[in-house]
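Student: My structure is stored as input_14.pdb, with PDB, C-alpha atoms.
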```pdb
MODEL        1
ATOM      1  CA  MET A  13      19.675 -28.361  31.154  1.00  0.00           C
ATOM      2  CA  ALA A  14      16.477 -26.305  31.100  1.00  0.00           C
ATOM      3  CA  SER A  15      16.015 -26.601  34.867  1.00  0.00           C
ATOM      4  CA  LYS A  16      19.563 -25.340  35.462  1.00  0.00           C
ATOM      5  CA  LEU A  17      18.860 -22.311  33.247  1.00  0.00           C
ATOM      6  CA  GLU A  18      15.561 -21.737  35.042  1.00  0.00           C
ATOM      7  CA  ALA A  19      17.324 -21.904  38.418  1.00  0.00           C
ATOM      8  CA  GLU A  20      20.008 -19.450  37.273  1.00  0.00           C
ATOM      9  CA  SER A  21      17.330 -17.131  35.904  1.00  0.00           C
ATOM     10  CA  ALA A  22      15.369 -17.300  39.169  1.00  0.00           C
ATOM     11  CA  ALA A  23      18.549 -16.564  41.145  1.00  0.00           C
ATOM     12  CA  ARG A  24      19.301 -13.510  38.981  1.00  0.00           C
ATOM     13  CA  GLU A  25      15.694 -12.348  39.350  1.00  0.00           C
ATOM     14  CA  SER A  26      15.924 -12.693  43.130  1.00  0.00           C
ATOM     15  CA  GLU A  27      19.186 -10.740  43.220  1.00  0.00           C
ATOM     16  CA  VAL A  28      17.744  -7.962  41.034  1.00  0.00           C
ATOM     17  CA  SER A  29      14.721  -7.819  43.347  1.00  0.00           C
ATOM     18  CA  ALA A  30      16.968  -7.514  46.405  1.00  0.00           C
ATOM     19  CA  ILE A  31      19.084  -4.809  44.765  1.00  0.00           C
ATOM     20  CA  GLY A  32      15.896  -2.917  43.875  1.00  0.00           C
ATOM     21  CA  HIS A  33      14.731  -3.306  47.478  1.00  0.00           C
ATOM     22  CA  ILE A  34      18.020  -1.814  48.718  1.00  0.00           C
ATOM     23  CA  ARG A  35      17.676   1.197  46.401  1.00  0.00           C
ATOM     24  CA  VAL A  36      14.067   1.831  47.393  1.00  0.00           C
ATOM     25  CA  THR A  37      14.916   1.364  51.069  1.00  0.00           C
ATOM     26  CA  ARG A  38      17.744   3.901  50.925  1.00  0.00           C
ATOM     27  CA  ALA A  39      15.548   6.400  49.098  1.00  0.00           C
ATOM     28  CA  ASN A  40      12.683   5.914  51.552  1.00  0.00           C
ATOM     29  CA  ALA A  41      15.011   6.223  54.539  1.00  0.00           C
ATOM     30  CA  GLU A  42      15.749   9.827  53.647  1.00  0.00           C
ATOM     31  CA  SER A  43      12.188  10.817  54.499  1.00  0.00           C
ATOM     32  CA  LEU A  44      12.140   9.023  57.858  1.00  0.00           C
ATOM     33  CA  PRO A  45      12.863  10.624  61.216  1.00  0.00           C
ATOM     34  CA  GLY A  46      16.216   9.876  62.938  1.00  0.00           C
ATOM     35  CA  PHE A  47      15.693   6.553  64.709  1.00  0.00           C
ATOM     36  CA  PHE A  48      13.747   4.887  61.886  1.00  0.00           C
ATOM     37  CA  LYS A  49      16.142   6.276  59.300  1.00  0.00           C
ATOM     38  CA  LEU A  50      19.022   4.630  61.179  1.00  0.00           C
ATOM     39  CA  LEU A  51      17.254   1.244  61.349  1.00  0.00           C
ATOM     40  CA  THR A  52      16.202   1.379  57.693  1.00  0.00           C
ATOM     41  CA  LEU A  53      19.692   2.259  56.475  1.00  0.00           C
ATOM     42  CA  GLU A  54      21.112  -0.607  58.554  1.00  0.00           C
ATOM     43  CA  HIS A  55      18.627  -2.956  56.885  1.00  0.00           C
ATOM     44  CA  ALA A  56      19.854  -1.850  53.451  1.00  0.00           C
ATOM     45  CA  GLU A  57      23.495  -2.239  54.468  1.00  0.00           C
ATOM     46  CA  LEU A  58      22.975  -5.744  55.875  1.00  0.00           C
ATOM     47  CA  LEU A  59      21.007  -6.867  52.818  1.00  0.00           C
ATOM     48  CA  GLY A  60      23.774  -5.480  50.603  1.00  0.00           C
ATOM     49  CA  THR A  61      26.342  -7.501  52.548  1.00  0.00           C
ATOM     50  CA  LEU A  62      24.227 -10.645  52.137  1.00  0.00           C
ATOM     51  CA  LEU A  63      24.187 -10.064  48.368  1.00  0.00           C
ATOM     52  CA  GLU A  64      27.947  -9.459  48.363  1.00  0.00           C
ATOM     53  CA  LEU A  65      28.473 -12.726  50.198  1.00  0.00           C
ATOM     54  CA  GLN A  66      26.249 -14.541  47.673  1.00  0.00           C
ATOM     55  CA  HIS A  67      28.315 -13.090  44.845  1.00  0.00           C
ATOM     56  CA  TRP A  68      31.591 -14.159  46.487  1.00  0.00           C
ATOM     57  CA  ASN A  69      30.190 -17.606  47.154  1.00  0.00           C
ATOM     58  CA  LYS A  70      29.957 -18.178  43.398  1.00  0.00           C
ATOM     59  CA  ARG A  71      33.735 -17.817  43.148  1.00  0.00           C
ATOM     60  CA  SER A  72      36.468 -19.755  44.866  1.00  0.00           C
ATOM     61  CA  GLY A  73      40.100 -19.341  45.834  1.00  0.00           C
ATOM     62  CA  GLU A  74      42.210 -19.161  48.978  1.00  0.00           C
ATOM     63  CA  VAL A  75      42.212 -15.384  49.361  1.00  0.00           C
ATOM     64  CA  GLU A  76      38.506 -15.161  48.644  1.00  0.00           C
ATOM     65  CA  ASP A  77      37.755 -18.029  51.045  1.00  0.00           C
ATOM     66  CA  LEU A  78      39.468 -16.157  53.902  1.00  0.00           C
ATOM     67  CA  THR A  79      37.732 -12.885  53.015  1.00  0.00           C
ATOM     68  CA  ARG A  80      34.401 -14.663  52.635  1.00  0.00           C
ATOM     69  CA  GLU A  81      34.752 -16.237  56.102  1.00  0.00           C
ATOM     70  CA  GLU A  82      35.630 -12.860  57.638  1.00  0.00           C
ATOM     71  CA  LEU A  83      32.686 -11.229  55.865  1.00  0.00           C
ATOM     72  CA  LEU A  84      30.376 -14.016  57.036  1.00  0.00           C
ATOM     73  CA  GLU A  85      31.533 -13.694  60.647  1.00  0.00           C
ATOM     74  CA  SER A  86      31.083  -9.930  60.569  1.00  0.00           C
ATOM     75  CA  LEU A  87      27.707 -10.196  58.829  1.00  0.00           C
ATOM     76  CA  VAL A  88      26.250 -12.652  61.328  1.00  0.00           C
ATOM     77  CA  ALA A  89      27.521 -10.554  64.247  1.00  0.00           C
ATOM     78  CA  ASP A  90      25.966  -7.423  62.684  1.00  0.00           C
ATOM     79  CA  ILE A  91      22.627  -9.135  62.044  1.00  0.00           C
ATOM     80  CA  VAL A  92      22.523 -10.503  65.595  1.00  0.00           C
ATOM     81  CA  ALA A  93      23.448  -7.130  67.107  1.00  0.00           C
ATOM     82  CA  HIS A  94      20.914  -5.254  64.964  1.00  0.00           C
ATOM     83  CA  GLU A  95      18.035  -7.667  65.588  1.00  0.00           C
ATOM     84  CA  GLU A  96      18.639  -8.014  69.323  1.00  0.00           C
ATOM     85  CA  ALA A  97      19.046  -4.264  69.856  1.00  0.00           C
ATOM     86  CA  GLU A  98      15.974  -3.562  67.732  1.00  0.00           C
ATOM     87  CA  ARG A  99      13.911  -5.970  69.836  1.00  0.00           C
ATOM     88  CA  THR A 100      15.355  -4.601  73.079  1.00  0.00           C
ATOM     89  CA  VAL A 101      14.600  -0.976  72.267  1.00  0.00           C
ATOM     90  CA  LEU A 102      11.907  -0.722  69.599  1.00  0.00           C
ATOM     91  CA  TYR A 103       9.855  -3.826  70.297  1.00  0.00           C
ATOM     92  CA  SER A 104       9.937  -3.390  74.068  1.00  0.00           C
ATOM     93  CA  ARG A 105       8.742   0.212  73.790  1.00  0.00           C
ATOM     94  CA  LEU A 106       5.974  -0.725  71.386  1.00  0.00           C
ATOM     95  CA  ARG A 107       4.751  -3.481  73.719  1.00  0.00           C
ATOM     96  CA  ALA A 108       3.580  -0.665  75.998  1.00  0.00           C
ATOM     97  CA  HIS A 109       1.042   0.204  73.279  1.00  0.00           C
ATOM     98  CA  PRO A 110      -1.792  -2.376  73.128  1.00  0.00           C
ATOM     99  CA  LYS A 111      -2.456  -1.949  69.414  1.00  0.00           C
ATOM    100  CA  TYR A 112       0.924  -3.486  68.499  1.00  0.00           C
ATOM    101  CA  GLY A 113       0.516  -6.873  70.238  1.00  0.00           C
ATOM    102  CA  SER A 114      -0.139  -9.434  67.491  1.00  0.00           C
ATOM    103  CA  SER A 115       1.736  -7.644  64.699  1.00  0.00           C
ATOM    104  CA  LEU A 116       4.712  -7.179  67.011  1.00  0.00           C
ATOM    105  CA  ASP A 117       4.637 -10.872  67.870  1.00  0.00           C
ATOM    106  CA  ARG A 118       4.818 -11.715  64.159  1.00  0.00           C
ATOM    107  CA  HIS A 119       7.764  -9.363  63.637  1.00  0.00           C
ATOM    108  CA  ALA A 120       9.536 -10.840  66.668  1.00  0.00           C
ATOM    109  CA  LEU A 121       8.973 -14.344  65.305  1.00  0.00           C
ATOM    110  CA  ASP A 122      10.386 -13.272  61.917  1.00  0.00           C
ATOM    111  CA  SER A 123      13.396 -11.840  63.715  1.00  0.00           C
ATOM    112  CA  GLU A 124      13.947 -15.123  65.587  1.00  0.00           C
ATOM    113  CA  LYS A 125      13.807 -17.082  62.331  1.00  0.00           C
ATOM    114  CA  VAL A 126      16.349 -14.742  60.722  1.00  0.00           C
ATOM    115  CA  LEU A 127      18.684 -15.154  63.701  1.00  0.00           C
ATOM    116  CA  ARG A 128      18.325 -18.936  63.669  1.00  0.00           C
ATOM    117  CA  VAL A 129      19.187 -19.190  59.955  1.00  0.00           C
ATOM    118  CA  ALA A 130      22.061 -16.681  60.337  1.00  0.00           C
ATOM    119  CA  ARG A 131      23.590 -18.812  63.094  1.00  0.00           C
ATOM    120  CA  GLN A 132      23.010 -21.938  61.014  1.00  0.00           C
ATOM    121  CA  LEU A 133      24.837 -20.289  58.100  1.00  0.00           C
ATOM    122  CA  GLU A 134      27.724 -19.342  60.345  1.00  0.00           C
ATOM    123  CA  SER A 135      28.134 -22.993  61.370  1.00  0.00           C
ATOM    124  CA  LEU A 136      28.515 -24.175  57.760  1.00  0.00           C
ATOM    125  CA  PRO A 137      31.823 -24.082  55.906  1.00  0.00           C
ATOM    126  CA  PRO A 138      31.482 -22.001  52.706  1.00  0.00           C
ATOM    127  CA  THR A 139      32.519 -25.079  50.718  1.00  0.00           C
ATOM    128  CA  ASP A 140      29.553 -27.097  52.048  1.00  0.00           C
ATOM    129  CA  ALA A 141      26.780 -27.579  49.484  1.00  0.00           C
ATOM    130  CA  ALA A 142      24.200 -26.437  52.066  1.00  0.00           C
ATOM    131  CA  PHE A 143      25.995 -23.099  52.512  1.00  0.00           C
ATOM    132  CA  ALA A 144      24.778 -21.553  49.237  1.00  0.00           C
ATOM    133  CA  GLN A 145      21.197 -22.690  49.833  1.00  0.00           C
ATOM    134  CA  THR A 146      21.197 -21.442  53.444  1.00  0.00           C
ATOM    135  CA  LEU A 147      22.682 -18.097  52.350  1.00  0.00           C
ATOM    136  CA  LYS A 148      19.977 -17.748  49.706  1.00  0.00           C
ATOM    137  CA  GLN A 149      17.327 -18.628  52.303  1.00  0.00           C
ATOM    138  CA  LEU A 150      18.726 -16.074  54.778  1.00  0.00           C
ATOM    139  CA  THR A 151      18.824 -13.351  52.120  1.00  0.00           C
ATOM    140  CA  ALA A 152      15.196 -13.961  51.146  1.00  0.00           C
ATOM    141  CA  MET A 153      14.054 -14.156  54.785  1.00  0.00           C
ATOM    142  CA  TYR A 154      15.939 -11.000  55.748  1.00  0.00           C
ATOM    143  CA  GLN A 155      14.592  -9.086  52.768  1.00  0.00           C
ATOM    144  CA  GLN A 156      11.030 -10.144  53.591  1.00  0.00           C
ATOM    145  CA  HIS A 157      11.476  -9.398  57.325  1.00  0.00           C
ATOM    146  CA  THR A 158      12.901  -5.919  56.779  1.00  0.00           C
ATOM    147  CA  ARG A 159      10.339  -5.066  54.111  1.00  0.00           C
ATOM    148  CA  ARG A 160       7.539  -5.955  56.534  1.00  0.00           C
ATOM    149  CA  GLU A 161       9.137  -4.028  59.380  1.00  0.00           C
ATOM    150  CA  GLU A 162       9.644  -0.945  57.261  1.00  0.00           C
ATOM    151  CA  THR A 163       6.196  -0.928  55.645  1.00  0.00           C
ATOM    152  CA  GLU A 164       4.025  -2.278  58.460  1.00  0.00           C
ATOM    153  CA  LEU A 165       5.750  -1.581  61.741  1.00  0.00           C
ATOM    154  CA  PHE A 166       7.914   1.503  61.254  1.00  0.00           C
ATOM    155  CA  MET A 167       5.211   3.570  59.608  1.00  0.00           C
ATOM    156  CA  ARG A 168       2.788   2.952  62.494  1.00  0.00           C
ATOM    157  CA  ALA A 169       5.443   3.088  65.210  1.00  0.00           C
ATOM    158  CA  GLN A 170       6.451   6.622  64.264  1.00  0.00           C
ATOM    159  CA  HIS A 171       3.105   7.777  65.661  1.00  0.00           C
ATOM    160  CA  ALA A 172       3.541   5.879  68.932  1.00  0.00           C
ATOM    161  CA  LEU A 173       7.154   6.894  69.549  1.00  0.00           C
ATOM    162  CA  ASP A 174       8.988  10.133  69.208  1.00  0.00           C
ATOM    163  CA  ALA A 175      11.338   9.003  66.434  1.00  0.00           C
ATOM    164  CA  LYS A 176      13.180  12.326  66.576  1.00  0.00           C
ATOM    165  CA  ASP A 177      14.035  11.647  70.211  1.00  0.00           C
ATOM    166  CA  GLU A 178      17.811  11.387  70.310  1.00  0.00           C
ATOM    167  CA  ASN A 179      17.574   9.238  73.446  1.00  0.00           C
ATOM    168  CA  LEU A 180      15.775   6.518  71.471  1.00  0.00           C
ATOM    169  CA  ARG A 181      18.576   6.409  68.890  1.00  0.00           C
ATOM    170  CA  LEU A 182      21.256   6.460  71.596  1.00  0.00           C
ATOM    171  CA  GLU A 183      19.518   3.704  73.575  1.00  0.00           C
ATOM    172  CA  TYR A 184      19.458   1.552  70.439  1.00  0.00           C
ATOM    173  CA  LEU A 185      23.143   2.218  69.695  1.00  0.00           C
ATOM    174  CA  ARG A 186      24.124   1.376  73.296  1.00  0.00           C
ATOM    175  CA  ALA A 187      22.101  -1.860  73.178  1.00  0.00           C
ATOM    176  CA  LYS A 188      23.700  -2.782  69.866  1.00  0.00           C
ATOM    177  CA  THR A 189      27.184  -2.083  71.252  1.00  0.00           C
ATOM    178  CA  ARG A 190      26.484  -4.294  74.293  1.00  0.00           C
ATOM    179  CA  VAL A 191      25.443  -7.160  72.015  1.00  0.00           C
ATOM    180  CA  GLN A 192      28.526  -6.680  69.826  1.00  0.00           C
ATOM    181  CA  GLN A 193      30.794  -6.668  72.870  1.00  0.00           C
ATOM    182  CA  GLY A 194      29.137  -9.857  74.122  1.00  0.00           C
ATOM    183  CA  ILE A 195      29.769 -11.494  70.752  1.00  0.00           C
ATOM    184  CA  LEU A 196      33.438 -10.479  70.860  1.00  0.00           C
ATOM    185  CA  LYS A 197      33.863 -11.860  74.374  1.00  0.00           C
ATOM    186  CA  GLY A 198      31.996 -15.088  73.578  1.00  0.00           C
TER
ENDMDL
END
```
Could you render the structure from this file as structure tokens?

Tutor:
Amino acid sequence: MASKLEAESAARESEVSAIGHIRVTRANAESLPGFFKLLTLEHAELLGTLLELQHWNKRSGEVEDLTREELLESLVADIVAHEEAERTVLYSRLRAHPKYGSSLDRHALDSEKVLRVARQLESLPPTDAAFAQTLKQLTAMYQQHTRREETELFMRAQHALDAKDENLRLEYLRAKTRVQQGILKG
């Protein structure tokens, strides 16, 4: 009985931490220039959707099951589109700057892990016992990945790139749209 209470307490603590991260992220985004503000706000939105899905996963019912599956499908597509467009635009531009090599490799590896777990989650039925654990794992991984990007990479990258450059933001949005269209066709 005690271990169940400890697990529930740890889960609540993790959720509170993620909610706090979302609030801080949104507040911090306001001080960022255009492109990095966009990426940071998308991080907060995606993390919020992960938390919403976790909350829905604790309930059951036919209507909720359908909504949960739609939310999951949309969430995975949004994570894939965001991560792939971010790597295509931001990471590729930063690779031109030698000082970003190893840290960029670590961020790219984190991104790959997030995508792998997101696709794994998508393949599981929400009623499968592994679904809740995989969703929890994805939420924690995504929170850690975005926190590192925002605190380590974005702060330094603002000096290497012109974050106010509207072309950078538009290039990212076009890349993201191409990925989303590919997902819809596939």

Student: Measuring atom to atom with all atoms listed in the file, identify which of A:Ala169, A:Ala97, A:Leu84, A:Leu50 is nearest to Lys188 of chain A.

Tutor: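 The closest residue to Lys188 of chain A is A:Ala97.
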
Student: How many Å lie between atom CA of Gly46 of chain A and atom CA of His157 of chain A, rounded to one decimal?

Tutor: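 Between these atoms lies a distance of 20.6 Å.
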
Student: Restricting the calculation to only C-alpha atoms: of A:Thr158, A:Ala152, A:Arg99, A:Ile195, which residue gets closest to Leu53 of chain A?

Tutor: A:Thr158

Student: For this structure, which residues satisfy the selection - the PyMOL selection byres ((chain A and resi 128) around 12) - when it is evaluated on the file as given? I want them as a list in words.

Tutor: Val88, Ile91, Val92, Glu95, Leu121, Asp122, Ser123, Glu124, Lys125, Val126, Leu127, Val129, Ala130, Arg131, Gln132, Leu133, Glu134, Ser135, Thr146, Gln149, Leu150, Met153 and Tyr154 of chain A

Student: Since we have the selection now, will you write its residues out, keeping C-alpha atoms, as a compact mmCIF listing (two decimals), keeping the file's coordinate frame?

Tutor:
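Written file, out09.txt:
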```
# COMPACT_ATOMS: atom_id res chain seq x y z
CA VAL A 88 26.25 -12.65 61.33
CA ILE A 91 22.63 -9.14 62.04
CA VAL A 92 22.52 -10.50 65.60
CA GLU A 95 18.04 -7.67 65.59
CA LEU A 121 8.97 -14.34 65.31
CA ASP A 122 10.39 -13.27 61.92
CA SER A 123 13.40 -11.84 63.72
CA GLU A 124 13.95 -15.12 65.59
CA LYS A 125 13.81 -17.08 62.33
CA VAL A 126 16.35 -14.74 60.72
CA LEU A 127 18.68 -15.15 63.70
CA VAL A 129 19.19 -19.19 59.96
CA ALA A 130 22.06 -16.68 60.34
CA ARG A 131 23.59 -18.81 63.09
CA GLN A 132 23.01 -21.94 61.01
CA LEU A 133 24.84 -20.29 58.10
CA GLU A 134 27.72 -19.34 60.34
CA SER A 135 28.13 -22.99 61.37
CA THR A 146 21.20 -21.44 53.44
CA GLN A 149 17.33 -18.63 52.30
CA LEU A 150 18.73 -16.07 54.78
CA MET A 153 14.05 -14.16 54.78
CA TYR A 154 15.94 -11.00 55.75
```

Student: List the neighbours of Lys176 of chain A out to 9 Å using all atoms listed in the file; skip same-chain residues closer than 4 positions along the sequence, and give me the result as a compact mmCIF listing (two decimals) with C-alpha atoms, in the frame of the given file.

Tutor:
```txt
# COMPACT_ATOMS: atom_id res chain seq x y z
CA PRO A 45 12.86 10.62 61.22
CA GLY A 46 16.22 9.88 62.94
CA PHE A 47 15.69 6.55 64.71
CA PHE A 48 13.75 4.89 61.89
CA LEU A 180 15.78 6.52 71.47
CA ARG A 181 18.58 6.41 68.89
```

Student: Report as a VMD selection string the residues that result from applying the PyMOL selection byres ((chain A and resi 189) around 12) to the structure here.

Tutor: chain A and resid 89 to 90 92 to 94 96 to 98 182 to 188 190 to 196

Student: Let me have the centre and edge lengths in Å, one decimal, of the box along x, y and z around every listed atom of segment 163-182 of chain A with 3 Å of margin on each side, as JSON.

Tutor:
```
{"center_x": 12.0, "center_y": 5.0, "center_z": 64.5, "size_x": 24.5, "size_y": 20.6, "size_z": 23.8}
```

Student: Restricting the calculation to all atoms listed in the file, which member of A:Ser86, A:Gln170, A:Thr151, A:Thr79 is positioned closest to Ala56 of chain A?

Tutor: A:Thr151

Student: One decimal, Å: what's the distance from atom CA of Glu161 of chain A over to atom CA of His119 of chain A, could you say?

Tutor: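 Atom CA of Glu161 of chain A sits 7.0 Å away from atom CA of His119 of chain A.
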
Student: Extract, using only C-alpha atoms, all DNA, RNA and protein residues at most 12 Å from Lys111 of chain A, discarding same-chain residues fewer than 2 positions from it, and format them as number ranges by chain.

Tutor: A: 106-109, 113-117, 165, 168-169, 171-172

Student: Could you tell me how far atom CA of Ala144 of chain A lies from atom CA of Gln66 of chain A, in Å and to one decimal?

Tutor: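 Between these atoms lies a distance of 7.3 Å.
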
Student: Find the residue from A:Gln145, A:Thr139, A:Lys197, A:Leu173 that sits nearest to Ser104 of chain A; use all atoms listed in the file when measuring.

Tutor: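 Ranked by minimum distance to Ser104 of chain A, first place goes to A:Leu173.
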
Student: Just give me the residues with any atom within 12 Å of (29.5, -6.5, 48.6), file coordinates, counting all atoms listed in the file, written as a ChimeraX atom specification.

Tutor: /A:31,56-69,79-80,83-84,87

Student: Between A:Asp174, A:Lys49, A:Glu85, A:Glu54, which is the closest to Leu136 of chain A once you count only C-alpha atoms?

Tutor: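 Selected residue with least distance to Leu136 of chain A: A:Glu85.
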